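One file, coords_39.tsv, is given below (TSV, C-alpha atoms).
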chain	number	residue	atom	x	y	z
A	1	ASP	CA	0.00	0.00	0.00
A	2	ALA	CA	2.80	2.39	0.92
A	3	PRO	CA	6.22	1.28	-0.31
A	4	GLY	CA	9.40	2.23	1.49
A	5	TYR	CA	8.58	1.13	5.03
A	6	PHE	CA	11.62	-0.04	6.99
A	7	LEU	CA	9.78	-2.89	8.73
A	8	THR	CA	7.78	-5.12	6.44
A	9	ARG	CA	7.98	-8.50	8.23
A	10	THR	CA	6.95	-9.61	11.68
A	11	ASP	CA	10.11	-11.68	12.23
A	12	ARG	CA	12.26	-8.61	11.63
A	13	ALA	CA	10.13	-6.51	13.97
A	14	ALA	CA	10.41	-9.21	16.64
A	15	ALA	CA	14.20	-9.32	16.23
A	16	LEU	CA	14.48	-5.54	16.59
A	17	ILE	CA	12.24	-5.55	19.65
A	18	GLY	CA	14.50	-8.22	21.15
A	19	CYS	CA	17.63	-6.21	20.37
A	20	ALA	CA	16.18	-3.08	21.91
A	21	GLY	CA	15.62	-4.90	25.19
A	22	HIS	CA	12.87	-2.57	26.38
A	23	PRO	CA	10.02	-4.50	28.07
A	24	ASN	CA	7.47	-1.83	27.14
A	25	LEU	CA	8.24	-1.95	23.39
A	26	ARG	CA	5.59	-3.91	21.49
A	27	MET	CA	4.61	-4.79	17.95
A	28	MET	CA	1.49	-3.35	16.31
A	29	PHE	CA	0.19	-6.44	14.52
A	30	ASP	CA	-1.78	-5.35	11.46
A	31	CYS	CA	-3.65	-8.44	10.25
A	32	TYR	CA	-4.29	-6.85	6.85
A	33	HIS	CA	-0.61	-6.13	6.16
A	34	VAL	CA	0.58	-9.44	7.58
A	35	ALA	CA	-1.86	-11.28	5.30
A	36	ILE	CA	-0.71	-9.29	2.26
A	37	THR	CA	3.04	-9.51	2.88
A	38	GLU	CA	3.51	-12.77	4.78
A	39	GLY	CA	0.32	-14.83	4.84
A	40	ASP	CA	-0.66	-17.23	7.65
A	41	VAL	CA	-1.87	-14.55	10.04
A	42	ALA	CA	-2.91	-17.11	12.67
A	43	GLN	CA	0.54	-18.70	12.89
A	44	ARG	CA	2.26	-15.32	13.10
A	45	LEU	CA	-0.14	-14.28	15.88
A	46	ARG	CA	0.75	-17.43	17.81
A	47	THR	CA	4.47	-16.98	17.20
A	48	HIS	CA	4.70	-13.32	18.15
A	49	LEU	CA	1.93	-13.05	20.76
A	50	PRO	CA	4.29	-12.18	23.66
A	51	LEU	CA	5.61	-9.20	21.65
A	52	ILE	CA	2.28	-7.90	20.32
A	53	GLY	CA	0.76	-4.89	22.03
A	54	HIS	CA	-2.05	-4.06	19.59
A	55	VAL	CA	-3.92	-5.99	16.90
A	56	GLN	CA	-5.40	-4.13	13.95
A	57	VAL	CA	-8.04	-5.50	11.55
A	58	ALA	CA	-9.30	-4.84	8.02
A	59	SER	CA	-10.47	-7.11	5.21
A	60	VAL	CA	-8.11	-8.54	2.61
A	61	PRO	CA	-7.60	-7.50	-0.16
A	62	ASP	CA	-9.77	-4.35	-0.21
A	63	ARG	CA	-9.02	-3.06	3.31
A	64	GLY	CA	-12.74	-2.80	3.98
A	65	THR	CA	-14.72	-3.87	7.02
A	66	PRO	CA	-13.38	-7.13	8.49
A	67	ASP	CA	-16.60	-9.09	7.83
A	68	HIS	CA	-15.69	-10.19	4.31
A	69	GLY	CA	-12.71	-10.97	2.11
A	70	LEU	CA	-9.94	-13.55	2.12
A	71	LEU	CA	-9.01	-13.36	5.81
A	72	ASP	CA	-11.44	-15.25	8.06
A	73	TYR	CA	-11.91	-12.95	11.03
A	74	ARG	CA	-14.26	-15.42	12.70
A	75	ALA	CA	-11.22	-17.68	13.00
A	76	ILE	CA	-8.91	-14.80	13.97
A	77	PHE	CA	-11.26	-13.57	16.72
A	78	SER	CA	-11.73	-17.15	17.97
A	79	LEU	CA	-7.96	-17.58	18.06
A	80	LEU	CA	-7.50	-14.32	19.97
A	81	ASP	CA	-10.09	-15.52	22.44
A	82	ALA	CA	-8.37	-18.91	22.80
A	83	LEU	CA	-5.06	-17.10	23.37
A	84	ASP	CA	-6.80	-15.00	26.08
A	85	TRP	CA	-6.01	-11.76	24.25
A	86	ARG	CA	-6.65	-8.79	26.56
A	87	ARG	CA	-4.91	-5.96	24.77
A	88	PRO	CA	-6.32	-3.43	22.29
A	89	ILE	CA	-7.90	-4.38	18.98
A	90	GLY	CA	-8.36	-1.59	16.49
A	91	ALA	CA	-9.90	-1.31	13.06
A	92	GLU	CA	-8.35	0.68	10.26
A	93	TYR	CA	-10.43	0.12	7.17
A	94	ARG	CA	-11.91	2.01	4.26
A	95	PRO	CA	-15.60	2.51	5.08
A	96	THR	CA	-18.10	2.26	2.25
A	97	GLY	CA	-20.19	5.08	3.71
A	98	PRO	CA	-20.54	6.89	7.03
A	99	THR	CA	-18.43	4.98	9.57
A	100	ALA	CA	-21.39	4.45	11.92
A	101	ASP	CA	-23.17	2.61	9.08
A	102	THR	CA	-20.25	0.18	8.69
A	103	LEU	CA	-19.94	-1.07	12.28
A	104	ASP	CA	-22.11	-4.20	11.96
A	105	TRP	CA	-18.92	-6.27	11.88
A	106	LEU	CA	-18.45	-5.52	15.60
A	107	ALA	CA	-21.11	-8.12	16.36
A	108	LEU	CA	-18.89	-10.80	14.81
A	109	PRO	CA	-16.67	-11.44	17.84
A	110	ALA	CA	-19.62	-11.12	20.22
A	111	ARG	CA	-21.46	-13.95	18.47
A	112	LEU	CA	-18.45	-16.20	18.89
A	113	THR	CA	-16.91	-15.49	22.25
A	114	GLY	CA	-16.52	-13.10	25.14
A	115	LEU	CA	-13.87	-11.19	23.19
A	116	GLN	CA	-16.02	-8.10	22.61
A	117	GLU	CA	-16.68	-7.73	26.34
A	118	ARG	CA	-12.95	-7.83	27.02
A	119	MET	CA	-12.31	-5.43	24.13
A	120	SER	CA	-14.66	-2.87	25.63
A	121	LYS	CA	-12.82	-3.00	28.96
A	122	THR	CA	-9.41	-2.15	27.46
Rewrite the coordinates I just gave you, this time as structure tokens.
Amino acid sequence: DAPGYFLTRTDRAAALIGCAGHPNLRMMFDCYHVAITEGDVAQRLRTHLPLIGHVQVASVPDRGTPDHGLLDYRAIFSLLDALDWRRPIGAEYRPTGPTADTLDWLALPARLTGLQERMSKT
């Protein structure tokens, strides 16, 4: 989407975080970009979970609401719940109209798990 970024892979970000040695330094895990550049979002979430401070969601490949597209957010939200994720989840997507009219996807994690309740407390 925006060429020229220094960090384009989660493994490299994890290595730099390790080299920095600061316990408060965390990775912003953008599911959309990980899917586009690396694939296997679920495995990378599992691998890097201790270093992730924020998860961001958007559909693949159109960067729309996370209720459609190639990345199965039902599975991603279920995985986050199974991993007992309690940190922020954000959405950065291209709305198809007024943002308030595009928030139906928020019911997705609530139908599956208690993730939405935990999200609202963070």
- Task: Tell me which of A:Leu49, A:Leu70, A:Cys19, A:Cys31 sits closest to Asp84 of chain A, counting only C-alpha atoms.
- Result: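 Closest candidate: A:Leu49.
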- Task: Work out how far atom CA of Gly90 of chain A is from atom CA of His48 of chain A, in Å to one decimal.
- Result: 17.6 Å
- Query: How many Å separate atom CA of Val60 of chain A from atom CA of Ile17 of chain A?
  - Reply: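 So the two atoms, atom CA of Val60 of chain A and atom CA of Ile17 of chain A, lie 26.7 Å apart.
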- Task: Grab the atom CA of Gln56 of chain A to atom CA of Ala91 of chain A distance for me, in Å with one decimal place.
- Result: 5.4 Å
- Distance query 7 Å from (3.9, -7.3, 16.6) using all atoms listed in the file, result as a list in words: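 Checked against the point, the hits come out as Thr10, Ala13, Ala14, Arg26, Met27, Met28, Phe29, His48, Leu51, Ile52 and Gly53 of chain A.
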Output for the residues just chosen: C-alpha atoms as a PDB file, keeping the file's coordinate frame:
ATOM      1  CA  THR A  10       6.950  -9.610  11.680  1.00  0.00           C
ATOM      2  CA  ALA A  13      10.130  -6.510  13.970  1.00  0.00           C
ATOM      3  CA  ALA A  14      10.410  -9.210  16.640  1.00  0.00           C
ATOM      4  CA  ARG A  26       5.590  -3.910  21.490  1.00  0.00           C
ATOM      5  CA  MET A  27       4.610  -4.790  17.950  1.00  0.00           C
ATOM      6  CA  MET A  28       1.490  -3.350  16.310  1.00  0.00           C
ATOM      7  CA  PHE A  29       0.190  -6.440  14.520  1.00  0.00           C
ATOM      8  CA  HIS A  48       4.700 -13.320  18.150  1.00  0.00           C
ATOM      9  CA  LEU A  51       5.610  -9.200  21.650  1.00  0.00           C
ATOM     10  CA  ILE A  52       2.280  -7.900  20.320  1.00  0.00           C
ATOM     11  CA  GLY A  53       0.760  -4.890  22.030  1.00  0.00           C
TER      12      GLY A  53
END
- Message: Please list as a PyMOL selection string every residue within 10 Å of Ala42 of chain A, counting all atoms listed in the file and excluding residues in the same chain fewer than 3 positions away.
- Response: chain A and resi 31+34-35+39+45-47+71-72+75-77+79-80
Box for segment 20-38 of chain A: with edges along x, y and z, all listed atoms inside and 5 Å added on each side, what are the centre and edge lengths in Å to one decimal, as JSON?
{"center_x": 5.9, "center_y": -7.3, "center_z": 15.2, "size_x": 30.5, "size_y": 20.9, "size_z": 35.8}
- Message: Need to verify the contact set: Thr8 of chain A, 10 Å, only C-alpha atoms, exclusion of same-chain residues closer than 6 positions in sequence. Can you return it as number ranges by chain?
- Response: A: 33-34, 37-38
Can you write out the residues you just picked, keeping C-alpha atoms, as a short mmCIF file (atom, residue, chain, number, x, y, z; two decimals), in the coordinates of the input?
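So the final result, stored in part_2.cif, reads:
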data_model
loop_
_atom_site.label_atom_id
_atom_site.label_comp_id
_atom_site.auth_asym_id
_atom_site.auth_seq_id
_atom_site.Cartn_x
_atom_site.Cartn_y
_atom_site.Cartn_z
CA HIS A 33 -0.61 -6.13 6.16
CA VAL A 34 0.58 -9.44 7.58
CA THR A 37 3.04 -9.51 2.88
CA GLU A 38 3.51 -12.77 4.78
#
- Task: Extract, using only C-alpha atoms, all DNA, RNA and protein residues at most 12 Å from Thr99 of chain A, discarding same-chain residues fewer than 6 positions from it, and format them as a PyMOL selection string.
- Result: chain A and resi 64-65+91-93+105
- Pick from A:His68, A:Arg74, A:Arg63, A:His54 nearest to Ile89 of chain A, counting all atoms listed in the file: A:His54
